[in-house]
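Source file model.pdb; content: PDB, C-alpha atoms.
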ATOM      1  CA  MET B  17      -1.156  15.437  -5.349
ATOM      2  CA  THR B  18      -2.616  13.378  -8.171
ATOM      3  CA  GLY B  19      -5.452  14.379 -10.429
ATOM      4  CA  GLU B  20      -7.834  12.660  -8.018
ATOM      5  CA  THR B  21      -9.117  15.746  -6.298
ATOM      6  CA  ILE B  22     -12.608  16.747  -5.476
ATOM      7  CA  ALA B  23     -11.632  20.396  -5.373
ATOM      8  CA  THR B  24     -11.169  20.802  -9.131
ATOM      9  CA  PRO B  25     -14.033  22.702 -10.768
ATOM     10  CA  SER B  26     -14.163  20.366 -13.783
ATOM     11  CA  ALA B  27     -15.126  17.436 -11.597
ATOM     12  CA  TRP B  28     -18.282  19.120 -10.363
ATOM     13  CA  THR B  29     -19.424  21.834 -12.770
ATOM     14  CA  ALA B  30     -19.951  19.548 -15.751
ATOM     15  CA  ARG B  31     -23.612  18.813 -16.473
ATOM     16  CA  ALA B  32     -24.959  15.455 -17.589
ATOM     17  CA  HIS B  33     -26.139  15.495 -21.209
ATOM     18  CA  VAL B  34     -28.932  13.415 -22.669
ATOM     19  CA  HIS B  35     -29.964  12.881 -26.273
ATOM     20  CA  GLY B  36     -30.827  16.204 -27.819
ATOM     21  CA  GLY B  37     -30.277  18.423 -24.816
ATOM     22  CA  THR B  38     -29.129  18.958 -21.258
ATOM     23  CA  ARG B  39     -30.824  17.361 -18.275
ATOM     24  CA  SER B  40     -31.894  19.798 -15.574
ATOM     25  CA  SER B  41     -30.005  19.439 -12.291
ATOM     26  CA  PRO B  42     -31.656  18.856  -8.932
ATOM     27  CA  PRO B  43     -31.595  21.825  -6.550
ATOM     28  CA  ASN B  44     -28.306  22.530  -4.814
ATOM     29  CA  VAL B  45     -28.835  22.086  -1.068
ATOM     30  CA  LEU B  46     -25.776  24.267  -0.425
ATOM     31  CA  ASP B  47     -27.167  27.354  -2.147
ATOM     32  CA  ASP B  48     -28.231  29.123   1.049
ATOM     33  CA  ALA B  49     -26.920  29.405   4.591
ATOM     34  CA  ASP B  50     -29.750  27.376   6.116
ATOM     35  CA  GLY B  51     -29.172  24.560   3.655
ATOM     36  CA  PHE B  52     -25.465  24.476   4.372
ATOM     37  CA  ALA B  53     -26.109  24.527   8.133
ATOM     38  CA  ALA B  54     -28.445  21.547   7.748
ATOM     39  CA  VAL B  55     -25.788  19.648   5.788
ATOM     40  CA  PHE B  56     -23.208  20.452   8.480
ATOM     41  CA  ASP B  57     -25.489  19.221  11.258
ATOM     42  CA  ALA B  58     -26.389  16.059   9.360
ATOM     43  CA  HIS B  59     -22.885  14.976   8.397
ATOM     44  CA  PHE B  60     -20.360  16.487  10.813
ATOM     45  CA  GLY B  61     -20.382  13.518  13.195
ATOM     46  CA  GLU B  62     -19.744  10.818  10.624
ATOM     47  CA  ILE B  63     -17.116  12.834   8.749
ATOM     48  CA  HIS B  64     -15.343  13.472  12.063
ATOM     49  CA  ALA B  65     -15.424   9.752  12.925
ATOM     50  CA  TYR B  66     -14.014   8.864   9.494
ATOM     51  CA  VAL B  67     -11.144  11.340   9.751
ATOM     52  CA  ALA B  68     -10.398  10.413  13.379
ATOM     53  CA  GLN B  69     -10.144   6.743  12.385
ATOM     54  CA  ARG B  70      -7.570   7.575   9.738
ATOM     55  CA  LEU B  71      -5.538  10.341  11.392
ATOM     56  CA  GLY B  72      -6.330   9.975  15.086
ATOM     57  CA  PRO B  73      -8.641  12.141  17.209
ATOM     58  CA  ASP B  74      -5.989  14.772  17.941
ATOM     59  CA  HIS B  75      -5.851  15.824  14.297
ATOM     60  CA  ALA B  76      -9.446  15.180  13.265
ATOM     61  CA  GLU B  77     -10.935  18.468  14.429
ATOM     62  CA  ASP B  78      -8.757  20.638  12.191
ATOM     63  CA  VAL B  79      -9.169  18.425   9.132
ATOM     64  CA  VAL B  80     -12.946  18.225   9.532
ATOM     65  CA  ALA B  81     -13.153  21.999   9.999
ATOM     66  CA  GLU B  82     -11.143  22.414   6.794
ATOM     67  CA  THR B  83     -13.428  19.924   5.045
ATOM     68  CA  PHE B  84     -16.527  21.989   5.733
ATOM     69  CA  LEU B  85     -14.727  25.267   5.055
ATOM     70  CA  THR B  86     -13.660  23.905   1.660
ATOM     71  CA  ALA B  87     -17.207  22.723   1.009
ATOM     72  CA  PHE B  88     -18.564  26.185   1.816
ATOM     73  CA  ARG B  89     -16.035  27.958  -0.381
ATOM     74  CA  LYS B  90     -16.634  25.598  -3.291
ATOM     75  CA  ARG B  91     -20.370  25.121  -2.821
ATOM     76  CA  ALA B  92     -21.079  26.635  -6.247
ATOM     77  CA  GLN B  93     -18.978  23.854  -7.817
ATOM     78  CA  TYR B  94     -21.043  21.093  -6.208
ATOM     79  CA  ASP B  95     -23.241  19.413  -8.811
ATOM     80  CA  PRO B  96     -26.082  17.419  -7.216
ATOM     81  CA  ALA B  97     -26.647  15.709 -10.573
ATOM     82  CA  ARG B  98     -23.318  13.929 -10.172
ATOM     83  CA  ALA B  99     -23.341  12.827  -6.528
ATOM     84  CA  ASN B 100     -25.138  13.342  -3.260
ATOM     85  CA  VAL B 101     -23.686  15.850  -0.815
ATOM     86  CA  ARG B 102     -22.599  13.138   1.625
ATOM     87  CA  ALA B 103     -20.319  11.510  -0.965
ATOM     88  CA  TRP B 104     -19.003  14.954  -1.949
ATOM     89  CA  LEU B 105     -18.018  15.717   1.652
ATOM     90  CA  TYR B 106     -16.268  12.363   2.015
ATOM     91  CA  GLY B 107     -14.343  13.144  -1.154
ATOM     92  CA  ILE B 108     -13.170  16.478   0.217
ATOM     93  CA  ALA B 109     -12.186  14.888   3.534
ATOM     94  CA  THR B 110     -10.277  12.095   1.778
ATOM     95  CA  ASN B 111      -8.444  14.610  -0.387
ATOM     96  CA  LEU B 112      -7.381  16.506   2.744
ATOM     97  CA  ILE B 113      -6.355  13.287   4.498
ATOM     98  CA  GLY B 114      -4.059  12.677   1.521
ATOM     99  CA  LYS B 115      -2.059  15.732   2.579
ATOM    100  CA  HIS B 116      -1.350  13.948   5.867
ATOM    101  CA  ARG B 117      -0.449  10.522   4.476
ATOM    102  CA  ARG B 118       2.661  10.201   6.644
ATOM    103  CA  LEU B 119       0.617  10.971   9.748
ATOM    104  CA  GLU B 120      -1.975   8.403   8.723
ATOM    105  CA  ALA B 121       0.678   5.732   8.209
ATOM    106  CA  ARG B 122       2.172   6.515  11.630
ATOM    107  CA  THR B 123      -1.274   6.388  13.251
ATOM    108  CA  LEU B 124      -2.068   3.017  11.721
ATOM    109  CA  ARG B 125       1.330   1.571  12.596
ATOM    110  CA  ALA B 126       0.944   2.787  16.177
ATOM    111  CA  LEU B 127      -2.416   1.023  16.360
ATOM    112  CA  GLY B 128      -0.735  -2.039  14.914
ATOM    113  CA  ARG B 129       1.640  -2.163  17.878
ATOM    114  CA  CYS B 130      -1.217  -2.171  20.400
ATOM    115  CA  ALA B 131      -2.254  -5.352  22.152
ATOM    116  CA  PRO B 132      -5.346  -6.953  20.610
ATOM    117  CA  ASP B 133      -8.689  -6.353  22.273
ATOM    118  CA  PRO B 134     -10.219  -9.685  23.318
ATOM    119  CA  GLU B 135     -13.697  -8.206  22.879
ATOM    120  CA  SER B 136     -13.136  -7.146  19.256
ATOM    121  CA  PRO B 137     -14.399  -9.252  16.328
ATOM    122  CA  GLY B 138     -12.444 -12.264  15.149
ATOM    123  CA  HIS B 139     -11.178 -13.336  11.738
ATOM    124  CA  GLU B 140     -14.553 -14.692  10.733
ATOM    125  CA  ASP B 141     -15.915 -11.139  10.489
ATOM    126  CA  SER B 142     -15.557  -9.112   7.323
ATOM    127  CA  VAL B 143     -13.145  -6.222   7.088
ATOM    128  CA  ALA B 144     -16.117  -4.033   6.249
ATOM    129  CA  ARG B 145     -17.349  -4.677   9.788
ATOM    130  CA  ARG B 146     -13.940  -4.747  11.477
ATOM    131  CA  VAL B 147     -12.855  -1.464   9.932
ATOM    132  CA  SER B 148     -15.232   0.622  12.004
ATOM    133  CA  ALA B 149     -15.231   4.166  13.328
ATOM    134  CA  GLN B 150     -14.903   2.774  16.841
ATOM    135  CA  SER B 151     -11.907   0.439  16.704
ATOM    136  CA  LEU B 152      -9.292  -1.239  14.562
ATOM    137  CA  ARG B 153      -7.742  -4.542  15.476
ATOM    138  CA  PRO B 154      -3.956  -4.083  15.657
ATOM    139  CA  GLU B 155      -3.201  -6.549  12.849
ATOM    140  CA  LEU B 156      -5.721  -4.864  10.580
ATOM    141  CA  ALA B 157      -4.355  -1.395  11.318
ATOM    142  CA  ALA B 158      -0.843  -2.580  10.478
ATOM    143  CA  ALA B 159      -2.070  -4.164   7.244
ATOM    144  CA  LEU B 160      -3.903  -0.986   6.210
ATOM    145  CA  ALA B 161      -0.717   1.008   6.791
ATOM    146  CA  GLY B 162       0.986  -1.177   4.193
ATOM    147  CA  LEU B 163      -1.522  -0.410   1.443
ATOM    148  CA  ASP B 164      -0.927   2.136  -1.280
ATOM    149  CA  ARG B 165      -2.699   5.324  -0.208
ATOM    150  CA  ARG B 166      -4.940   5.362  -3.274
ATOM    151  CA  ASP B 167      -6.033   1.774  -2.652
ATOM    152  CA  ARG B 168      -6.584   2.545   1.033
ATOM    153  CA  ASP B 169      -8.731   5.561   0.135
ATOM    154  CA  VAL B 170     -11.062   3.405  -1.944
ATOM    155  CA  LEU B 171     -11.169   0.609   0.626
ATOM    156  CA  LEU B 172     -11.999   2.910   3.531
ATOM    157  CA  LEU B 173     -14.568   4.947   1.618
ATOM    158  CA  VAL B 174     -16.402   1.672   0.998
ATOM    159  CA  ALA B 175     -15.802   0.172   4.451
ATOM    160  CA  LEU B 176     -16.100   3.216   6.707
ATOM    161  CA  ALA B 177     -18.343   5.537   4.726
ATOM    162  CA  GLY B 178     -20.426   2.886   2.993
ATOM    163  CA  LEU B 179     -20.124   4.618  -0.383
ATOM    164  CA  SER B 180     -21.053   2.765  -3.541
ATOM    165  CA  HIS B 181     -18.461   2.254  -6.271
ATOM    166  CA  ASP B 182     -20.124   4.987  -8.322
ATOM    167  CA  GLU B 183     -20.037   7.411  -5.379
ATOM    168  CA  VAL B 184     -16.363   6.628  -4.704
ATOM    169  CA  ALA B 185     -15.527   7.230  -8.358
ATOM    170  CA  THR B 186     -17.224  10.623  -8.324
ATOM    171  CA  ALA B 187     -15.831  11.609  -4.920
ATOM    172  CA  LEU B 188     -12.231  10.854  -5.932
ATOM    173  CA  GLY B 189     -12.524  11.931  -9.559
ATOM    174  CA  ILE B 190     -11.470   8.532 -10.931
ATOM    175  CA  PRO B 191     -13.086   6.169 -13.458
ATOM    176  CA  TYR B 192     -15.659   3.690 -12.174
ATOM    177  CA  GLY B 193     -13.520   0.741 -13.260
ATOM    178  CA  THR B 194     -10.533   2.076 -11.321
ATOM    179  CA  VAL B 195     -12.536   1.841  -8.099
ATOM    180  CA  GLY B 196     -13.067  -1.869  -8.634
ATOM    181  CA  SER B 197      -9.444  -2.559  -9.529
ATOM    182  CA  ARG B 198      -8.090  -0.660  -6.517
ATOM    183  CA  LEU B 199     -10.555  -2.307  -4.180
ATOM    184  CA  SER B 200      -9.666  -5.740  -5.538
ATOM    185  CA  ARG B 201      -5.946  -5.027  -5.111
ATOM    186  CA  ALA B 202      -6.476  -3.864  -1.529
ATOM    187  CA  ARG B 203      -8.574  -6.928  -0.692
ATOM    188  CA  LYS B 204      -5.943  -9.283  -2.088
ATOM    189  CA  LYS B 205      -3.183  -7.637  -0.091
ATOM    190  CA  LEU B 206      -5.209  -7.730   3.116
ATOM    191  CA  ARG B 207      -6.002 -11.405   2.566
ATOM    192  CA  ALA B 208      -2.321 -12.131   2.149
ATOM    193  CA  LEU B 209      -1.500 -10.288   5.361
ATOM    194  CA  LEU B 210      -4.439 -11.375   7.506
ATOM    195  CA  GLY B 211      -5.286 -14.821   6.167
ATOM    196  CA  GLU B 212      -8.267 -16.048   4.216
ATOM    197  CA  ILE B 213     -11.113 -13.938   5.563
ATOM    198  CA  GLU B 214     -14.014 -12.224   3.889
ATOM    199  CA  VAL B 215     -12.673  -8.827   2.845
ATOM    200  CA  LEU B 216     -15.276  -6.205   2.056
ATOM    201  CA  ALA B 217     -18.300  -8.334   1.456
ATOM    202  CA  ARG B 218     -19.898  -5.626  -0.643
ATOM    203  CA  GLY B 219     -17.067  -6.055  -3.276
TER     204      GLY B 219
END
Could you write out this file's structure as C-alpha coordinates?
Amino acid sequence: MTGETIATPSAWTARAHVHGGTRSSPPNVLDDADGFAAVFDAHFGEIHAYVAQRLGPDHAEDVVAETFLTAFRKRAQYDPARANVRAWLYGIATNLIGKHRRLEARTLRALGRCAPDPESPGHEDSVARRVSAQSLRPELAAALAGLDRRDRDVLLLVALAGLSHDEVATALGIPYGTVGSRLSRARKKLRALLGEIEVLARG
(Lines of atoms letter the chains of each structure in order from A and count residues from 1; the text may use other names and numbers.)
(Lines give C-alpha, C1' and ligand atoms only; values in the text may rest on other atoms or scores of the structure.)
Protein backbone atom coordinates (compact mmCIF):
# COMPACT_ATOMS: atom_id res chain seq x y z
CA MET A 1 0.00 0.00 0.00
CA THR A 2 1.07 3.60 -0.52
CA GLY A 3 1.04 6.33 2.06
CA GLU A 4 -2.46 7.25 0.89
CA THR A 5 -4.37 5.63 3.68
CA ILE A 6 -7.17 6.96 5.75
CA ALA A 7 -6.36 4.56 8.55
CA THR A 8 -3.16 6.30 9.67
CA PRO A 9 -3.62 8.27 12.90
CA SER A 10 -1.57 11.24 11.66
CA ALA A 11 -4.07 11.93 8.90
CA TRP A 12 -6.92 12.47 11.34
CA THR A 13 -5.62 13.39 14.79
CA ALA A 14 -3.85 16.58 13.74
CA ARG A 15 -5.71 19.75 14.73
CA ALA A 16 -5.96 22.86 12.59
CA HIS A 17 -3.96 25.77 14.01
CA VAL A 18 -4.79 29.43 13.65
CA HIS A 19 -2.74 32.50 14.50
CA GLY A 20 -1.88 32.44 18.17
CA GLY A 21 -3.66 29.26 19.15
CA THR A 22 -5.59 26.14 18.26
CA ARG A 23 -9.07 26.21 16.78
CA SER A 24 -11.65 24.17 18.67
CA SER A 25 -12.96 21.14 16.77
CA PRO A 26 -16.63 20.50 16.07
CA PRO A 27 -18.19 17.65 18.06
CA ASN A 28 -17.35 14.14 16.94
CA VAL A 29 -20.58 12.46 15.81
CA LEU A 30 -18.94 9.06 16.35
CA ASP A 31 -18.30 9.56 20.06
CA ASP A 32 -21.30 7.53 21.24
CA ALA A 33 -23.13 4.43 20.07
CA ASP A 34 -26.26 6.32 19.03
CA GLY A 35 -24.22 8.72 16.93
CA PHE A 36 -22.39 5.90 15.20
CA ALA A 37 -25.67 4.06 14.55
CA ALA A 38 -27.09 7.21 12.95
CA VAL A 39 -24.02 7.52 10.72
CA PHE A 40 -24.36 3.86 9.72
CA ASP A 41 -28.03 4.27 8.84
CA ALA A 42 -27.39 7.46 6.89
CA HIS A 43 -24.48 6.24 4.78
CA PHE A 44 -24.59 2.45 4.50
CA GLY A 45 -26.64 2.43 1.29
CA GLU A 46 -24.46 4.80 -0.70
CA ILE A 47 -21.20 3.26 0.51
CA HIS A 48 -22.54 -0.17 -0.48
CA ALA A 49 -23.52 1.10 -3.94
CA TYR A 50 -20.06 2.64 -4.42
CA VAL A 51 -18.23 -0.55 -3.44
CA ALA A 52 -20.59 -2.77 -5.47
CA GLN A 53 -19.93 -0.63 -8.56
CA ARG A 54 -16.20 -1.12 -8.18
CA LEU A 55 -15.95 -4.73 -6.97
CA GLY A 56 -19.30 -6.24 -7.91
CA PRO A 57 -22.25 -7.00 -5.62
CA ASP A 58 -20.92 -10.40 -4.54
CA HIS A 59 -17.97 -8.81 -2.75
CA ALA A 60 -19.54 -5.54 -1.62
CA GLU A 61 -21.15 -6.79 1.58
CA ASP A 62 -17.89 -7.90 3.19
CA VAL A 63 -15.98 -4.77 2.17
CA VAL A 64 -18.73 -2.45 3.40
CA ALA A 65 -18.94 -4.35 6.69
CA GLU A 66 -15.18 -3.95 7.07
CA THR A 67 -15.49 -0.25 6.22
CA PHE A 68 -17.86 0.40 9.10
CA LEU A 69 -15.95 -1.90 11.45
CA THR A 70 -12.77 0.06 10.68
CA ALA A 71 -14.64 3.32 11.21
CA PHE A 72 -15.88 2.11 14.60
CA ARG A 73 -12.45 0.94 15.72
CA LYS A 74 -10.79 4.17 14.61
CA ARG A 75 -13.58 6.55 15.56
CA ALA A 76 -11.31 8.35 18.04
CA GLN A 77 -8.97 9.21 15.15
CA TYR A 78 -11.72 10.89 13.13
CA ASP A 79 -11.27 14.66 13.18
CA PRO A 80 -14.46 16.50 12.15
CA ALA A 81 -12.38 19.66 11.71
CA ARG A 82 -10.68 18.08 8.72
CA ALA A 83 -13.55 16.43 6.83
CA ASN A 84 -17.16 15.42 7.18
CA VAL A 85 -17.91 11.85 8.20
CA ARG A 86 -19.27 10.95 4.76
CA ALA A 87 -15.94 11.76 3.07
CA TRP A 88 -14.10 9.88 5.83
CA LEU A 89 -16.16 6.73 5.20
CA TYR A 90 -15.55 6.94 1.45
CA GLY A 91 -11.84 7.20 2.17
CA ILE A 92 -11.89 4.06 4.30
CA ALA A 93 -13.90 2.18 1.67
CA THR A 94 -11.54 3.28 -1.11
CA ASN A 95 -8.53 2.20 0.92
CA LEU A 96 -10.10 -1.24 1.38
CA ILE A 97 -11.01 -1.46 -2.31
CA GLY A 98 -7.30 -0.91 -3.01
CA LYS A 99 -6.60 -4.27 -1.38
CA HIS A 100 -8.79 -5.86 -4.07
CA ARG A 101 -7.39 -4.02 -7.10
CA ARG A 102 -7.07 -7.20 -9.16
CA LEU A 103 -10.70 -8.07 -8.45
CA GLU A 104 -11.77 -4.57 -9.43
CA ALA A 105 -9.86 -4.75 -12.71
CA ARG A 106 -11.45 -8.13 -13.48
CA THR A 107 -14.91 -6.78 -12.63
CA LEU A 108 -14.50 -3.78 -14.90
CA ARG A 109 -13.09 -5.85 -17.75
CA ALA A 110 -15.98 -8.30 -17.42
CA LEU A 111 -18.41 -5.39 -17.69
CA GLY A 112 -16.44 -4.20 -20.69
CA ARG A 113 -17.19 -7.46 -22.50
CA CYS A 114 -20.95 -7.09 -22.00
CA ALA A 115 -23.18 -5.97 -24.83
CA PRO A 116 -24.11 -2.28 -24.63
CA ASP A 117 -27.48 -1.37 -23.18
CA PRO A 118 -29.50 0.56 -25.78
CA GLU A 119 -31.29 2.41 -22.98
CA SER A 120 -28.09 3.71 -21.35
CA PRO A 121 -26.82 7.26 -21.97
CA GLY A 122 -24.89 8.09 -25.10
CA HIS A 123 -21.55 9.79 -25.69
CA GLU A 124 -23.05 13.23 -25.29
CA ASP A 125 -23.48 12.61 -21.55
CA SER A 126 -20.69 13.32 -19.11
CA VAL A 127 -18.75 10.53 -17.46
CA ALA A 128 -19.87 11.96 -14.14
CA ARG A 129 -23.40 10.95 -15.11
CA ARG A 130 -22.51 7.75 -16.95
CA VAL A 131 -20.39 6.43 -14.10
CA SER A 132 -23.35 5.78 -11.84
CA ALA A 133 -24.10 3.34 -9.05
CA GLN A 134 -26.67 1.68 -11.29
CA SER A 135 -24.81 0.89 -14.51
CA LEU A 136 -21.62 1.24 -16.49
CA ARG A 137 -21.56 1.22 -20.25
CA PRO A 138 -19.23 -1.58 -21.40
CA GLU A 139 -16.78 0.75 -23.17
CA LEU A 140 -16.55 2.96 -20.10
CA ALA A 141 -15.98 0.01 -17.77
CA ALA A 142 -13.17 -1.23 -20.01
CA ALA A 143 -11.61 2.23 -20.10
CA LEU A 144 -11.77 2.57 -16.31
CA ALA A 145 -10.02 -0.79 -15.96
CA GLY A 146 -7.10 0.66 -17.91
CA LEU A 147 -6.56 3.58 -15.54
CA ASP A 148 -3.91 3.63 -12.85
CA ARG A 149 -5.64 2.66 -9.60
CA ARG A 150 -4.74 5.94 -7.90
CA ASP A 151 -6.18 7.95 -10.79
CA ARG A 152 -9.29 5.76 -10.82
CA ASP A 153 -9.76 6.29 -7.07
CA VAL A 154 -9.83 10.06 -7.52
CA LEU A 155 -12.06 9.90 -10.59
CA LEU A 156 -14.65 7.64 -8.97
CA LEU A 157 -14.69 9.52 -5.66
CA VAL A 158 -15.63 12.61 -7.67
CA ALA A 159 -17.99 10.86 -10.10
CA LEU A 160 -19.68 8.29 -7.87
CA ALA A 161 -19.45 9.86 -4.43
CA GLY A 162 -19.65 13.49 -5.50
CA LEU A 163 -16.76 14.50 -3.24
CA SER A 164 -15.08 17.85 -3.70
CA HIS A 165 -11.37 18.02 -4.50
CA ASP A 166 -10.68 19.05 -0.91
CA GLU A 167 -12.69 16.11 0.45
CA VAL A 168 -10.90 13.67 -1.87
CA ALA A 169 -7.54 15.02 -0.75
CA THR A 170 -8.41 14.53 2.91
CA ALA A 171 -10.04 11.13 2.36
CA LEU A 172 -7.01 9.73 0.52
CA GLY A 173 -4.35 11.58 2.50
CA ILE A 174 -2.87 13.29 -0.57
CA PRO A 175 -2.15 16.96 -1.37
CA TYR A 176 -4.97 19.03 -2.86
CA GLY A 177 -2.97 19.65 -6.04
CA THR A 178 -2.44 15.92 -6.54
CA VAL A 179 -6.20 15.42 -6.76
CA GLY A 180 -6.40 17.81 -9.69
CA SER A 181 -3.44 16.30 -11.51
CA ARG A 182 -4.73 12.73 -11.14
CA LEU A 183 -8.21 13.72 -12.20
CA SER A 184 -6.85 15.55 -15.24
CA ARG A 185 -4.74 12.53 -16.20
CA ALA A 186 -7.73 10.20 -15.86
CA ARG A 187 -9.93 12.50 -17.94
CA LYS A 188 -7.35 12.71 -20.71
CA LYS A 189 -6.98 8.95 -20.87
CA LEU A 190 -10.73 8.41 -20.95
CA ARG A 191 -11.09 10.97 -23.74
CA ALA A 192 -8.46 9.14 -25.74
CA LEU A 193 -10.24 5.84 -25.25
CA LEU A 194 -13.85 6.99 -25.58
CA GLY A 195 -13.62 9.95 -27.94
CA GLU A 196 -14.14 13.63 -27.34
CA ILE A 197 -16.84 13.71 -24.69
CA GLU A 198 -17.31 15.80 -21.60
CA VAL A 199 -15.40 13.96 -18.88
CA LEU A 200 -16.28 14.91 -15.33
CA ALA A 201 -17.92 18.24 -15.85
CA ARG A 202 -17.16 19.28 -12.29
CA GLY A 203 -13.36 19.19 -13.14
Just want the 7 Å neighbourhood of range 74-89 of chain B, counted on only C-alpha atoms, with same-chain residues fewer than 2 positions away dropped. Output as number ranges by chain. B: 63-64, 67-68, 71-72, 91, 108-109, 112
Go through the shown structure with the PyMOL selection byres ((chain B and resi 173) around 10) and write out the matching residues as JSON, numbers by chain. {"B": [66, 103, 106, 107, 110, 168, 169, 170, 171, 172, 174, 175, 176, 177, 178, 179, 180, 181, 183, 184, 187, 188]}
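Between CA of Leu119 in chain B and CA of Gly162 in chain B the interatomic distance comes to 13.4 Å.
Among the candidates B:Arg201, B:Pro73, B:Leu105, B:Pro96, the one nearest to Ala58 in chain B when counting all atoms listed in the file is B:Leu105.
Picked by the PyMOL selection byres ((chain B and resi 199) around 8) from the coordinates shown: B:Asp167, B:Val170, B:Leu171, B:Val195, B:Gly196, B:Ser197, B:Arg198, B:Ser200, B:Arg201, B:Ala202, B:Arg203, B:Gly219.
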Any chance you could work out the axis-aligned box around range 58-61 of chain B, listed atoms only, 8 Å on each side, giving centre and edge lengths in Å to one decimal, as lines of an AutoDock Vina configuration file?
center_x = -23.4
center_y = 15.0
center_z = 10.8
size_x = 22.0
size_y = 19.0
size_z = 20.8
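The space separating CA of Ala158 in chain B from CA of Lys115 in chain B comes to 20.0 Å.
Across B:Arg166, B:Lys90, B:Lys205, B:Arg70, the tightest approach to His116 in chain B is made by B:Arg70 when counting only C-alpha atoms.
When CA of Ala53 in chain B is paired with CA of Gln69 in chain B, their separation reads 24.3 Å.
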Kindly indicate which residue among B:Ala49, B:Ala185, B:Ala157, B:Val101 lies nearest to Arg122 in chain B, using all atoms listed in the file for the distances. B:Ala157
